[in-house]
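Heads up, model_19.cif below (mmCIF, C-alpha atoms and all ligand atoms):
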```
data_target
loop_
_atom_site.label_atom_id
_atom_site.label_comp_id
_atom_site.auth_asym_id
_atom_site.auth_seq_id
_atom_site.Cartn_x
_atom_site.Cartn_y
_atom_site.Cartn_z
CA MET Y 1 92.91 -149.76 -119.67
CA ASN Y 2 92.91 -153.19 -121.23
CA ALA Y 3 89.82 -155.02 -120.13
CA PRO Y 4 90.67 -158.60 -119.27
CA ARG Y 5 88.23 -161.36 -120.11
CA PHE Y 6 85.89 -162.06 -117.29
CA PHE Y 7 84.21 -165.26 -116.36
CA PRO Y 8 80.99 -165.52 -114.49
CA ILE Y 9 81.93 -166.24 -110.96
CA LEU Y 10 82.32 -167.06 -107.68
CA LEU Y 11 80.78 -165.10 -104.89
CA ALA Y 12 79.52 -168.23 -103.29
CA GLY Y 13 78.45 -166.20 -100.32
CA VAL Y 14 75.98 -164.16 -102.33
CA LEU Y 15 73.53 -167.00 -102.40
CA SER Y 16 74.22 -168.42 -99.02
CA LEU Y 17 74.17 -165.33 -96.86
CA SER Y 18 71.08 -165.14 -94.75
CA LEU Y 19 68.93 -162.05 -94.90
CA ALA Y 20 68.21 -162.24 -91.19
CA PRO Y 21 69.83 -159.39 -89.30
CA VAL Y 22 72.88 -160.76 -87.57
CA SER Y 23 75.01 -157.68 -87.68
CA PHE Y 24 78.69 -158.03 -87.06
CA SER Y 25 78.89 -161.71 -86.47
CA LYS Y 26 82.53 -162.37 -85.78
CA SER Y 27 84.12 -165.36 -87.34
CA LYS Y 28 87.26 -166.02 -85.39
CA ALA Y 29 89.38 -167.46 -88.12
CA SER Y 30 92.91 -168.63 -87.86
CA SER Y 31 95.34 -165.81 -88.28
CA LYS Y 32 97.11 -167.50 -91.16
CA SER Y 33 95.96 -166.28 -94.55
CA SER Y 34 95.83 -168.96 -97.21
CA ALA Y 35 97.12 -166.66 -99.89
CA LYS Y 36 97.33 -169.35 -102.55
CA SER Y 37 93.70 -170.39 -102.47
CA LYS Y 38 91.41 -169.13 -105.19
CA PRO Y 39 87.70 -168.62 -104.85
CA SER Y 40 85.58 -171.37 -106.32
CA ALA Y 41 83.55 -170.65 -109.43
CA THR Y 42 79.80 -170.70 -109.25
CA PRO Y 43 77.42 -168.92 -111.61
CA ALA Y 44 76.86 -165.22 -111.04
CA ALA Y 45 73.90 -164.60 -108.82
CA LYS Y 46 71.45 -161.78 -109.19
CA PRO Y 47 71.56 -159.96 -105.89
CA SER Y 48 68.40 -159.67 -103.93
CA PRO Y 49 66.74 -156.26 -104.15
CA THR Y 50 66.55 -156.28 -100.38
CA PRO Y 51 69.76 -155.02 -98.85
CA ASN Y 52 71.55 -157.38 -96.58
CA HIS Y 53 72.43 -155.52 -93.43
CA ASP Y 54 74.85 -158.11 -92.17
CA TRP Y 55 78.51 -157.44 -91.92
CA GLN Y 56 80.41 -160.57 -91.09
CA VAL Y 57 83.73 -159.43 -89.76
CA ILE Y 58 86.57 -161.89 -90.32
CA LYS Y 59 89.66 -161.49 -88.23
CA VAL Y 60 92.93 -162.39 -89.94
CA GLY Y 61 96.00 -161.64 -87.90
CA PRO Y 62 95.64 -158.28 -86.21
CA ARG Y 63 93.15 -156.94 -88.73
CA ASP Y 64 89.42 -157.04 -89.39
CA TYR Y 65 88.22 -157.92 -92.88
CA LEU Y 66 84.99 -158.28 -94.83
CA SER Y 67 84.59 -160.73 -97.67
CA VAL Y 68 84.05 -159.45 -101.20
CA ASP Y 69 80.89 -161.59 -101.21
CA ASN Y 70 79.64 -159.66 -98.21
CA ILE Y 71 80.43 -156.33 -99.87
CA ALA Y 72 78.71 -157.40 -103.11
CA LYS Y 73 75.64 -158.42 -101.20
CA PHE Y 74 75.43 -155.24 -99.17
CA TYR Y 75 75.73 -152.92 -102.16
CA GLY Y 76 73.72 -155.06 -104.54
CA LEU Y 77 76.64 -155.69 -106.89
CA ILE Y 78 77.18 -158.62 -109.24
CA GLY Y 79 80.67 -160.05 -109.39
CA ASN Y 80 82.94 -161.45 -112.06
CA VAL Y 81 86.42 -162.79 -111.59
CA ASP Y 82 88.95 -162.45 -114.40
CA SER Y 83 90.83 -165.26 -116.07
CA SER Y 84 93.79 -164.90 -113.74
CA GLY Y 85 91.52 -165.58 -110.80
CA LYS Y 86 93.06 -162.61 -109.03
CA THR Y 87 90.84 -159.69 -110.00
CA VAL Y 88 87.17 -159.37 -109.16
CA VAL Y 89 84.90 -156.78 -110.73
CA LEU Y 90 81.68 -155.97 -108.93
CA ASN Y 91 79.11 -153.95 -110.81
CA ASN Y 92 75.45 -153.07 -110.89
CA GLY Y 93 75.45 -150.50 -113.67
CA ARG Y 94 75.50 -147.73 -111.14
CA ASN Y 95 78.45 -148.56 -108.92
CA MET Y 96 81.53 -150.55 -109.78
CA LEU Y 97 84.38 -151.85 -107.71
CA GLN Y 98 87.40 -153.78 -108.92
CA VAL Y 99 89.74 -155.41 -106.43
CA THR Y 100 92.85 -157.49 -106.98
CA LEU Y 101 94.32 -160.13 -104.75
CA ASP Y 102 97.49 -159.09 -102.87
CA SER Y 103 97.12 -155.53 -104.15
CA ARG Y 104 96.20 -152.16 -102.68
CA GLU Y 105 95.34 -150.85 -106.13
CA THR Y 106 91.63 -150.82 -106.85
CA ILE Y 107 89.18 -149.17 -109.23
CA VAL Y 108 86.09 -147.53 -107.79
CA ASN Y 109 83.50 -146.14 -110.20
CA GLY Y 110 86.02 -145.81 -113.00
CA VAL Y 111 88.99 -144.24 -111.24
CA ARG Y 112 92.02 -145.66 -109.51
CA ASN Y 113 92.04 -145.82 -105.73
CA TRP Y 114 94.57 -147.13 -103.26
CA PHE Y 115 93.48 -149.21 -100.32
CA CYS Y 116 95.27 -148.87 -97.01
CA PHE Y 117 95.88 -152.64 -96.96
CA PRO Y 118 96.14 -155.25 -99.73
CA VAL Y 119 93.24 -157.54 -100.57
CA ILE Y 120 93.93 -161.01 -99.18
CA ALA Y 121 92.55 -164.49 -99.80
CA HIS Y 122 91.31 -166.50 -96.88
CA GLU Y 123 89.33 -169.72 -96.86
CA ASN Y 124 88.35 -169.37 -100.53
CA LYS Y 125 87.28 -165.78 -100.16
CA PHE Y 126 88.74 -162.45 -101.16
CA LEU Y 127 88.87 -160.18 -98.14
CA VAL Y 128 88.98 -156.38 -97.97
CA SER Y 129 90.09 -154.69 -94.76
CA ARG Y 130 87.39 -153.14 -92.63
CA ILE Y 131 89.14 -149.78 -92.72
CA ASP Y 132 89.14 -149.81 -96.54
CA LEU Y 133 85.48 -150.70 -96.62
CA ALA Y 134 84.64 -147.87 -94.25
CA LYS Y 135 87.05 -145.24 -95.57
CA THR Y 136 87.32 -145.89 -99.30
CA ILE Y 137 84.46 -148.02 -100.58
CA GLU Y 138 81.51 -146.79 -98.56
CA PRO Y 139 82.06 -143.05 -99.14
CA GLN Y 140 82.17 -143.62 -102.89
CA LEU Y 141 79.41 -146.16 -103.29
CA ARG Y 142 77.06 -144.26 -100.98
CA PRO Y 143 78.30 -140.66 -100.99
CA GLN Y 144 74.86 -139.48 -99.95
CA MET Y 145 75.50 -141.02 -96.52
CA ILE Y 146 77.99 -138.21 -95.83
CA GLN Y 147 77.70 -136.98 -92.24
CA ARG Y 148 77.96 -133.56 -90.60
CA SER Y 149 78.70 -131.96 -93.90
CA GLY Y 150 77.52 -128.41 -93.24
CA LYS Y 151 77.64 -125.67 -95.85
CA VAL Y 152 80.29 -124.71 -98.35
CA THR Y 153 80.36 -120.98 -98.93
CA THR Y 154 84.07 -120.23 -99.14
CA ILE Y 155 86.92 -121.93 -100.95
CA VAL Y 156 90.42 -121.46 -99.60
CA LEU Y 157 92.77 -121.88 -102.56
CA ASP Y 158 96.35 -122.72 -101.69
CA PRO Y 159 98.84 -122.42 -104.55
CA GLY Y 160 101.77 -124.55 -103.42
CA HIS Y 161 105.27 -123.20 -102.78
CA GLY Y 162 106.24 -119.58 -103.65
CA GLY Y 163 109.15 -117.19 -103.26
CA PHE Y 164 112.44 -118.99 -102.73
CA ASP Y 165 110.52 -122.28 -102.63
CA LYS Y 166 110.10 -122.93 -106.35
CA GLY Y 167 108.75 -126.46 -105.95
CA ALA Y 168 109.30 -128.78 -108.90
CA ALA Y 169 110.58 -127.48 -112.23
CA SER Y 170 110.47 -128.40 -115.90
CA ALA Y 171 112.33 -126.95 -118.87
CA PHE Y 172 109.38 -124.57 -119.28
CA GLY Y 173 108.69 -123.29 -115.79
CA ASN Y 174 108.30 -123.78 -112.06
CA GLU Y 175 105.64 -125.46 -109.98
CA LYS Y 176 105.11 -122.33 -107.87
CA THR Y 177 104.20 -120.31 -110.97
CA TYR Y 178 101.85 -122.90 -112.44
CA ALA Y 179 100.12 -123.47 -109.11
CA LEU Y 180 99.50 -119.75 -108.70
CA ASP Y 181 98.22 -119.51 -112.27
CA ILE Y 182 95.71 -122.33 -111.67
CA ALA Y 183 94.48 -120.61 -108.50
CA ARG Y 184 94.15 -117.27 -110.30
CA GLN Y 185 92.15 -118.89 -113.09
CA LEU Y 186 90.08 -120.90 -110.64
CA ARG Y 187 89.08 -117.95 -108.47
CA PRO Y 188 86.71 -116.22 -110.94
CA LEU Y 189 85.24 -119.57 -111.99
CA LEU Y 190 84.32 -120.28 -108.37
CA GLN Y 191 83.08 -116.75 -107.78
CA ALA Y 192 80.79 -117.16 -110.79
CA LYS Y 193 79.29 -120.17 -109.02
CA GLY Y 194 78.56 -118.08 -105.94
CA PHE Y 195 81.53 -119.08 -103.80
CA LYS Y 196 83.69 -116.68 -101.86
CA VAL Y 197 87.37 -117.30 -102.51
CA ILE Y 198 90.35 -116.73 -100.25
CA MET Y 199 93.88 -117.38 -101.48
CA THR Y 200 96.73 -118.27 -99.15
CA ARG Y 201 99.00 -116.36 -101.51
CA GLU Y 202 98.26 -114.08 -104.43
CA ASN Y 203 101.83 -113.44 -105.43
CA ASP Y 204 105.18 -115.10 -105.68
CA VAL Y 205 105.86 -115.13 -101.94
CA PHE Y 206 106.83 -117.82 -99.47
CA ILE Y 207 104.07 -118.78 -97.01
CA PRO Y 208 104.89 -121.37 -94.32
CA LEU Y 209 102.65 -124.44 -94.31
CA GLU Y 210 101.28 -123.70 -90.84
CA VAL Y 211 100.24 -120.22 -91.95
CA ARG Y 212 98.34 -121.73 -94.88
CA ALA Y 213 96.54 -124.06 -92.48
CA ARG Y 214 95.81 -121.19 -90.11
CA ILE Y 215 94.19 -119.19 -92.91
CA ALA Y 216 92.03 -122.22 -93.73
CA ASN Y 217 91.04 -122.81 -90.11
CA ALA Y 218 90.00 -119.19 -89.65
CA THR Y 219 87.51 -119.46 -92.53
CA LYS Y 220 83.97 -120.51 -91.74
CA ASP Y 221 81.90 -122.91 -93.91
CA SER Y 222 84.89 -123.49 -96.11
CA ILE Y 223 86.99 -126.10 -97.82
CA PHE Y 224 90.72 -126.05 -98.55
CA VAL Y 225 92.23 -126.89 -101.95
CA SER Y 226 96.01 -127.02 -102.22
CA ILE Y 227 97.37 -126.96 -105.77
CA HIS Y 228 100.63 -128.63 -106.74
CA PHE Y 229 102.45 -130.24 -109.65
CA ASN Y 230 104.49 -133.37 -109.33
CA ALA Y 231 108.03 -134.45 -110.10
CA THR Y 232 109.99 -137.59 -109.54
CA GLY Y 233 113.56 -138.57 -110.09
CA SER Y 234 112.90 -142.27 -109.85
CA ASN Y 235 110.54 -142.72 -112.80
CA PRO Y 236 110.91 -140.28 -115.71
CA ASN Y 237 107.80 -141.78 -117.35
CA ALA Y 238 105.51 -141.06 -114.41
CA THR Y 239 102.60 -139.00 -115.64
CA GLY Y 240 99.10 -137.96 -114.66
CA PHE Y 241 96.94 -136.66 -111.84
CA GLU Y 242 96.83 -137.56 -108.18
CA ILE Y 243 94.69 -136.24 -105.39
CA PHE Y 244 95.27 -136.56 -101.66
CA SER Y 245 93.27 -136.32 -98.49
CA LEU Y 246 94.35 -137.14 -94.96
CA THR Y 247 95.29 -140.74 -94.17
CA PRO Y 248 92.85 -142.35 -91.73
CA ARG Y 249 94.09 -143.01 -88.23
CA GLY Y 250 95.61 -146.44 -87.90
CA ALA Y 251 96.44 -146.77 -91.60
CA PRO Y 252 99.55 -146.26 -93.71
CA SER Y 253 99.61 -143.49 -96.31
CA THR Y 254 99.45 -144.52 -99.96
CA ASN Y 255 103.13 -143.87 -100.55
CA ASP Y 256 104.21 -145.83 -97.47
CA ASP Y 257 105.14 -148.74 -99.64
CA SER Y 258 107.55 -150.10 -97.12
CA LEU Y 259 104.49 -152.24 -96.72
CA ALA Y 260 105.67 -153.35 -93.44
CA LEU Y 261 101.97 -153.28 -92.88
CA HIS Y 262 102.42 -154.22 -89.29
CA PHE Y 263 103.53 -150.61 -89.22
CA VAL Y 264 100.66 -148.62 -87.93
CA ASN Y 265 100.62 -144.89 -87.79
CA MET Y 266 98.98 -143.67 -84.65
CA GLN Y 267 98.68 -140.08 -85.77
CA ALA Y 268 95.28 -138.78 -84.93
CA GLY Y 269 92.92 -138.59 -87.86
CA SER Y 270 90.82 -135.53 -88.53
CA PRO Y 271 87.16 -134.98 -87.74
CA MET Y 272 86.93 -133.82 -91.37
CA GLU Y 273 88.64 -136.89 -92.81
CA ALA Y 274 85.49 -138.38 -94.34
CA GLN Y 275 84.41 -135.07 -95.86
CA SER Y 276 87.92 -134.51 -97.18
CA PHE Y 277 87.83 -137.89 -98.86
CA GLU Y 278 84.43 -137.15 -100.44
CA LEU Y 279 85.83 -133.84 -101.66
CA SER Y 280 88.86 -135.55 -103.17
CA ALA Y 281 86.67 -138.06 -105.02
CA ALA Y 282 84.29 -135.39 -106.35
CA VAL Y 283 87.16 -133.22 -107.61
CA TYR Y 284 89.17 -136.13 -108.97
CA HIS Y 285 86.35 -137.50 -111.13
CA SER Y 286 85.94 -134.06 -112.62
CA MET Y 287 89.68 -133.71 -113.27
CA CYS Y 288 89.93 -137.08 -115.01
CA GLY Y 289 86.58 -136.60 -116.75
CA HIS Y 290 87.61 -133.30 -118.31
CA PHE Y 291 90.45 -134.90 -120.22
CA LEU Y 292 90.31 -137.79 -122.63
CA GLN Y 293 93.87 -138.84 -121.97
CA GLU Y 294 94.36 -141.26 -119.11
CA PHE Y 295 95.81 -139.14 -116.33
CA ASP Y 296 94.44 -141.38 -113.60
CA ARG Y 297 97.09 -142.16 -110.98
CA GLY Y 298 94.54 -142.28 -108.28
CA ILE Y 299 92.82 -141.03 -105.18
CA LYS Y 300 95.45 -141.27 -102.47
CA ARG Y 301 96.08 -140.61 -98.79
CA ALA Y 302 98.88 -138.71 -97.14
CA ARG Y 303 99.70 -136.86 -93.95
CA PHE Y 304 101.01 -133.72 -95.61
CA ALA Y 305 101.14 -130.76 -93.24
CA VAL Y 306 98.32 -128.82 -94.90
CA LEU Y 307 96.05 -131.88 -94.69
CA ARG Y 308 97.06 -132.66 -91.12
CA ARG Y 309 96.84 -129.16 -89.73
CA THR Y 310 93.59 -128.05 -91.32
CA ASN Y 311 90.31 -128.67 -89.54
CA ILE Y 312 88.08 -128.09 -92.56
CA PRO Y 313 87.65 -130.49 -95.52
CA SER Y 314 91.03 -130.40 -97.23
CA ILE Y 315 92.58 -131.86 -100.36
CA LEU Y 316 95.84 -131.58 -102.23
CA VAL Y 317 95.74 -131.75 -106.03
CA GLU Y 318 98.73 -132.88 -108.10
CA GLY Y 319 98.09 -131.64 -111.63
CA GLY Y 320 100.71 -133.67 -113.50
CA PHE Y 321 104.45 -134.30 -113.64
CA LEU Y 322 106.92 -131.56 -114.45
CA SER Y 323 109.52 -134.31 -114.70
CA GLU Y 324 107.78 -135.94 -117.68
CA ALA Y 325 108.04 -134.62 -121.24
CA GLY Y 326 104.38 -134.80 -122.25
CA ASP Y 327 102.97 -133.58 -118.95
CA SER Y 328 105.45 -130.71 -118.68
CA LYS Y 329 104.52 -129.49 -122.18
CA ARG Y 330 100.82 -129.65 -121.40
CA ILE Y 331 101.25 -127.87 -118.07
CA ALA Y 332 103.18 -125.12 -119.83
CA ASP Y 333 100.16 -124.50 -122.09
CA PRO Y 334 97.85 -121.80 -120.62
CA ALA Y 335 94.82 -123.30 -122.38
CA TRP Y 336 95.46 -126.67 -120.80
CA ARG Y 337 95.81 -125.07 -117.37
CA LYS Y 338 92.52 -123.27 -117.97
CA GLN Y 339 90.86 -126.61 -118.61
CA LEU Y 340 92.38 -127.98 -115.42
CA ALA Y 341 91.09 -124.98 -113.46
CA GLU Y 342 87.62 -125.52 -114.95
CA SER Y 343 87.67 -129.17 -113.95
CA LEU Y 344 88.55 -128.19 -110.38
CA SER Y 345 85.74 -125.62 -110.22
CA ILE Y 346 83.18 -128.17 -111.38
CA GLY Y 347 84.44 -130.83 -108.98
CA ILE Y 348 84.15 -128.35 -106.11
CA GLU Y 349 80.64 -127.43 -107.24
CA ASN Y 350 79.74 -131.14 -107.25
CA TYR Y 351 81.02 -131.45 -103.69
CA ARG Y 352 78.82 -128.53 -102.60
CA ALA Y 353 75.81 -130.21 -104.22
CA LEU Y 354 76.65 -133.38 -102.33
CA VAL Y 355 76.90 -131.79 -98.90
CA GLU Y 356 74.06 -129.31 -99.31
CA LYS Y 357 71.60 -131.32 -101.43
CA LYS Y 358 72.86 -134.88 -100.97
CA GLN Y 359 73.26 -135.00 -104.74
CA ARG Y 360 75.68 -137.63 -105.91
CA PRO Y 361 78.82 -136.19 -107.56
CA MET Y 362 79.30 -136.92 -111.27
CA LEU Y 363 81.62 -139.75 -112.23
CA VAL Y 364 84.43 -139.77 -114.77
CA ALA Y 365 82.36 -141.64 -117.38
CA GLU Y 366 79.52 -139.17 -117.00
CA TYR Y 367 81.79 -136.19 -117.58
CA ARG Y 368 83.16 -137.82 -120.70
CA ALA Y 369 79.70 -138.77 -121.94
CA GLN Y 370 78.56 -135.21 -121.32
CA ALA Y 371 81.54 -133.84 -123.23
CA ALA Y 372 80.73 -136.19 -126.11
CA GLY Y 373 77.14 -134.96 -126.11
CA GLU Y 374 75.74 -138.30 -125.04
CA ILE Y 375 72.89 -138.83 -122.69
CA THR Y 376 74.12 -139.33 -119.15
CA VAL Y 377 73.78 -142.97 -118.28
CA VAL Y 378 72.89 -142.46 -114.64
CA ASP Y 379 70.19 -140.28 -113.15
CA LEU Y 380 72.29 -138.51 -110.57
CA ALA Y 381 69.45 -136.84 -108.76
CA VAL Y 382 67.51 -139.94 -107.87
CA PRO Y 383 69.38 -142.72 -106.12
CA PRO Y 384 67.66 -146.09 -106.39
CA ALA Y 385 65.52 -146.89 -103.39
CA ARG Y 386 67.85 -149.59 -102.17
CA LEU Y 387 70.64 -147.08 -101.81
CA GLU Y 388 68.57 -144.59 -99.82
CA PRO Y 389 70.00 -143.99 -96.38
CA SER Y 390 66.65 -144.76 -94.80
CA SER Y 391 66.45 -148.19 -96.36
CA ASN Y 392 70.03 -149.12 -95.66
CA PRO Y 393 71.24 -147.89 -92.34
CA ALA Y 394 74.89 -147.22 -91.68
CA LEU Y 395 75.90 -150.61 -90.37
CA ILE Y 396 79.32 -150.13 -91.84
CA PRO Y 397 82.10 -150.86 -89.41
CA VAL Y 398 83.85 -147.61 -88.86
CA THR Y 399 87.42 -148.54 -88.19
CA ASN Y 400 89.79 -151.15 -86.99
CA PRO Y 401 90.19 -151.18 -83.25
CA ALA Y 402 93.04 -148.92 -82.28
CA PRO Y 403 96.19 -150.94 -81.76
CA THR Y 404 98.37 -150.24 -78.78
CA PRO Y 405 101.03 -147.78 -79.82
CA THR Y 406 104.62 -148.59 -79.11
CA PRO Y 407 107.50 -146.25 -79.86
CA SER Y 408 108.66 -148.38 -82.78
CA THR Y 409 105.28 -148.23 -84.55
CA ILE Y 410 104.79 -144.49 -84.24
CA THR Y 411 105.79 -142.57 -87.32
CA THR Y 412 106.26 -138.91 -86.85
CA PRO Y 413 104.54 -136.78 -89.48
CA GLU Y 414 107.86 -135.23 -90.40
CA GLN Y 415 108.86 -138.53 -91.99
CA GLU Y 416 106.36 -137.97 -94.79
CA ARG Y 417 107.92 -135.93 -97.55
CA GLU Y 418 106.02 -132.75 -98.36
CA PRO Y 419 104.75 -132.43 -101.94
ZN ZN Y 501 104.43 -129.13 -104.59
#
```

Can you present the structure in this file as structure tokens?
Amino acid sequence: MNAPRFFPILLAGVLSLSLAPVSFSKSKASSKSSAKSKPSATPAAKPSPTPNHDWQVIKVGPRDYLSVDNIAKFYGLIGNVDSSGKTVVLNNGRNMLQVTLDSRETIVNGVRNWFCFPVIAHENKFLVSRIDLAKTIEPQLRPQMIQRSGKVTTIVLDPGHGGFDKGAASAFGNEKTYALDIARQLRPLLQAKGFKVIMTRENDVFIPLEVRARIANATKDSIFVSIHFNATGSNPNATGFEIFSLTPRGAPSTNDDSLALHFVNMQAGSPMEAQSFELSAAVYHSMCGHFLQEFDRGIKRARFAVLRRTNIPSILVEGGFLSEAGDSKRIADPAWRKQLAESLSIGIENYRALVEKKQRPMLVAEYRAQAAGEITVVDLAVPPARLEPSSNPALIPVTNPAPTPTPSTITTPEQEREP
């Protein structure tokens, strides 16, 4: 990633926001977004050590937003805007968030993420949608706030495809074979960490998606990990990893780029959606962190059948592109697949430590530093006091209000292509 030059910024609100608790003050702004306006530049402000519990919801059109200033203040981040005036990086040495005007693409703690809605500019402020704050930013900046997380004793491994369903293919082999190989390599690694492992298929057989979900749902204290490899006909250069968890209710999936964002999917979410997202982040950082090449295509959302039909924390891993020359060669290499399986086992172990011990999962930079034999830059076990749940209650807005569904805005799940 080429780091652009950054100027001290902006974030006018950081200084001006009152510390008095005025949670959720609503500023009824005009529904027209002034997309051309750029935030004014003022010197970077050192955030107060005291967390600001205010969330000032700004309504623009049908949607609720929070200003980037507000987000910086809440999480104790210092902001810089780049020379284009379109990208803001917020950082405090422990958490980092990079958002770009008019874009859904964002970087959270060193890996790519995809917001449900683009960042907009409004009255000299960058705004992030409330649903993205609640569903993407908060779970990663304060993973220890995870709720109702339970225990993780069993991992349900789901090698994609099988039998007549070969999945994607390269010159070297088929997705169904590689996915099964990853699961077979992953099983003993997980067992060595004390997990029980159930596989939805152990051989080259076809298993319907609903059967895979049923196996997952019948397993107590478990999580579900579906393993796939990618392919695309539209971009032969596409390469790298992706990871998916269920799209939140009221939001478009990452690949719904018919960003007719007035489109709202009314599919019910899942009670496990937040846990699934935490699981995807924990596993994804490990995947990216175990390789020095940049395979980071991002943490994404989809309504794939196995994510929709499972009622336990569920993710779907895409381990690279069989349609790309470099990726397909790597995937064909058993040693490379072993490394991928190891990265998955460690990500899963990090998720267990999060839910059972409230221990923050390792980040991509920490994995790489560890691999390079460097001292880990962040003490993972001890979150700073200001990030403790007790000192910073969950004032985060949970979701946008549910819009009224009309037949034209309801997308049936079948419209989303299965991986
Ligand atoms: Zn697949």

Next item on the list: Pick out the closest residue to Lys329 of chain Y from this set: Y:Thr87, Y:Gln56, Y:Thr239, Y:Gln98. Count all atoms listed in the file.
Entry: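 Ranked by minimum distance to Lys329 of chain Y, first place goes to Y:Thr239.
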
Next item on the list: Grab the atom CA of Pro334 of chain Y to atom CA of Ala281 of chain Y distance for me, in Å with one decimal place.
Entry: 25.2 Å

Checklist line | Nearest to ligand ZN 501 (chain Y), chosen from Y:Asp54, Y:Glu242, Y:Glu366, Y:Glu342, with all atoms listed in the file counted in the distances | finding: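 Closest to ligand ZN 501 (chain Y) of all the choices is Y:Glu242.
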
Next item on the list: Record the distance separating atom CA of Leu316 of chain Y and atom CA of Ser276 of chain Y, expressed in Å with one decimal.
Entry: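 Result for atom CA of Leu316 of chain Y versus atom CA of Ser276 of chain Y: 9.8 Å, one decimal.
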
Margin query: Just to confirm, what's the straight-line distance from atom CA of Lys357 of chain Y to atom CA of Gln147 of chain Y in Å (one decimal)?
Written below: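 Spanning atom CA of Lys357 of chain Y to atom CA of Gln147 of chain Y is a straight-line distance of 12.4 Å.
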
Next item on the list: Find, counting only C-alpha atoms, the residue in Y:Arg148, Y:Ser83, Y:Val205, Y:Gln191 that gets nearest to Gly163 of chain Y.
Entry: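 With only C-alpha atoms as the atom set, the closest residue is Y:Val205.
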
Taking all atoms listed in the file and a cut-off of 6 Å, can you tell me which residues surround ligand ZN 501 (chain Y), written as a CSV table (one decimal) with C-alpha atoms, in the coordinates of the input?
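The result, written out as part_0.csv:
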```
chain,number,residue,atom,x,y,z
Y,160,GLY,CA,101.8,-124.6,-103.4
Y,167,GLY,CA,108.8,-126.5,-106.0
Y,228,HIS,CA,100.6,-128.6,-106.7
Y,229,PHE,CA,102.4,-130.2,-109.6
Y,419,PRO,CA,104.8,-132.4,-101.9
```

Check: Could you pull the residues within 7 Å of Val99 of chain Y, counting only C-alpha atoms, minus those fewer than 4 positions along the same chain, as a VMD selection string?
Finding: chain Y and resid 87 to 89 106 to 107

Next item on the list: Can you pull out every residue within 7 Å of Val108 of chain Y, counting only C-alpha atoms, but drop anything in the same chain fewer than 5 positions away, and send it as a list in words?
Entry: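 Selected residues are Met96, Leu97, Gln98 and Asn113 of chain Y.
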
Generate the output file for the selected residues, C-alpha atoms, as a compact mmCIF listing (two decimals), in the frame of the given file.
```txt
# COMPACT_ATOMS: atom_id res chain seq x y z
CA MET Y 96 81.53 -150.55 -109.78
CA LEU Y 97 84.38 -151.85 -107.71
CA GLN Y 98 87.40 -153.78 -108.92
CA ASN Y 113 92.04 -145.82 -105.73
```

Next item on the list: Give the answer as one residue: which of Y:Leu307, Y:Ser323, Y:Gln144, Y:Leu157 has the shortest atom-to-atom distance to Gly233 of chain Y, using all atoms listed in the file?
Entry: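 Selected residue with least distance to Gly233 of chain Y: Y:Ser323.
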
Next item on the list: Find the residues near Tyr284 of chain Y: any atom within 10 Å, counting all atoms listed in the file, skip ones fewer than 6 places away on the same chain, and give them as an NGL selection string.
Entry: :Y and (111-112 or 241-244 or 278 or 290 or 296 or 298-299 or 317 or 343-344 or 347-348 or 363-364)

Next item on the list: Can you work out which one of Y:Asp181, Y:Asp333, Y:Glu123, Y:Asp158 has the shortest atom-to-atom distance to Arg201 of chain Y, counting only C-alpha atoms?
Entry: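 Using only C-alpha atoms, the shortest distance to Arg201 of chain Y belongs to Y:Asp158.
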
Notebook entry, point to check: Which of these residues is nearest to Tyr178 of chain Y, using all atoms listed in the file: Y:Ile227, Y:Cys116, Y:Ala371, Y:Ile312?
Noted result: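 Looking at the shortest contact to Tyr178 of chain Y, the residue is Y:Ile227.
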
Please, can segment 118-125 of chain Y be completed to N, CA and C atoms and returned as an mmCIF file, keeping the file's coordinate frame?
```
data_model
loop_
_atom_site.group_PDB
_atom_site.id
_atom_site.type_symbol
_atom_site.label_atom_id
_atom_site.label_comp_id
_atom_site.auth_asym_id
_atom_site.auth_seq_id
_atom_site.Cartn_x
_atom_site.Cartn_y
_atom_site.Cartn_z
ATOM 1 N N PRO Y 118 96.424 -154.410 -98.564
ATOM 2 C CA PRO Y 118 96.140 -155.250 -99.730
ATOM 3 C C PRO Y 118 94.934 -156.169 -99.500
ATOM 4 N N VAL Y 119 94.307 -156.540 -100.594
ATOM 5 C CA VAL Y 119 93.240 -157.540 -100.570
ATOM 6 C C VAL Y 119 93.902 -158.898 -100.320
ATOM 7 N N ILE Y 120 93.337 -159.694 -99.446
ATOM 8 C CA ILE Y 120 93.930 -161.010 -99.180
ATOM 9 C C ILE Y 120 92.921 -162.110 -99.507
ATOM 10 N N ALA Y 121 93.430 -163.329 -99.632
ATOM 11 C CA ALA Y 121 92.550 -164.490 -99.800
ATOM 12 C C ALA Y 121 92.575 -165.282 -98.508
ATOM 13 N N HIS Y 122 91.409 -165.764 -98.130
ATOM 14 C CA HIS Y 122 91.310 -166.500 -96.880
ATOM 15 C C HIS Y 122 90.122 -167.438 -96.968
ATOM 16 N N GLU Y 123 90.384 -168.708 -96.803
ATOM 17 C CA GLU Y 123 89.330 -169.720 -96.860
ATOM 18 C C GLU Y 123 88.420 -169.531 -98.082
ATOM 19 N N ASN Y 124 89.065 -169.483 -99.258
ATOM 20 C CA ASN Y 124 88.350 -169.370 -100.530
ATOM 21 C C ASN Y 124 87.570 -168.085 -100.714
ATOM 22 N N LYS Y 125 87.955 -167.058 -99.977
ATOM 23 C CA LYS Y 125 87.280 -165.780 -100.160
ATOM 24 C C LYS Y 125 88.301 -164.663 -100.298
#
```
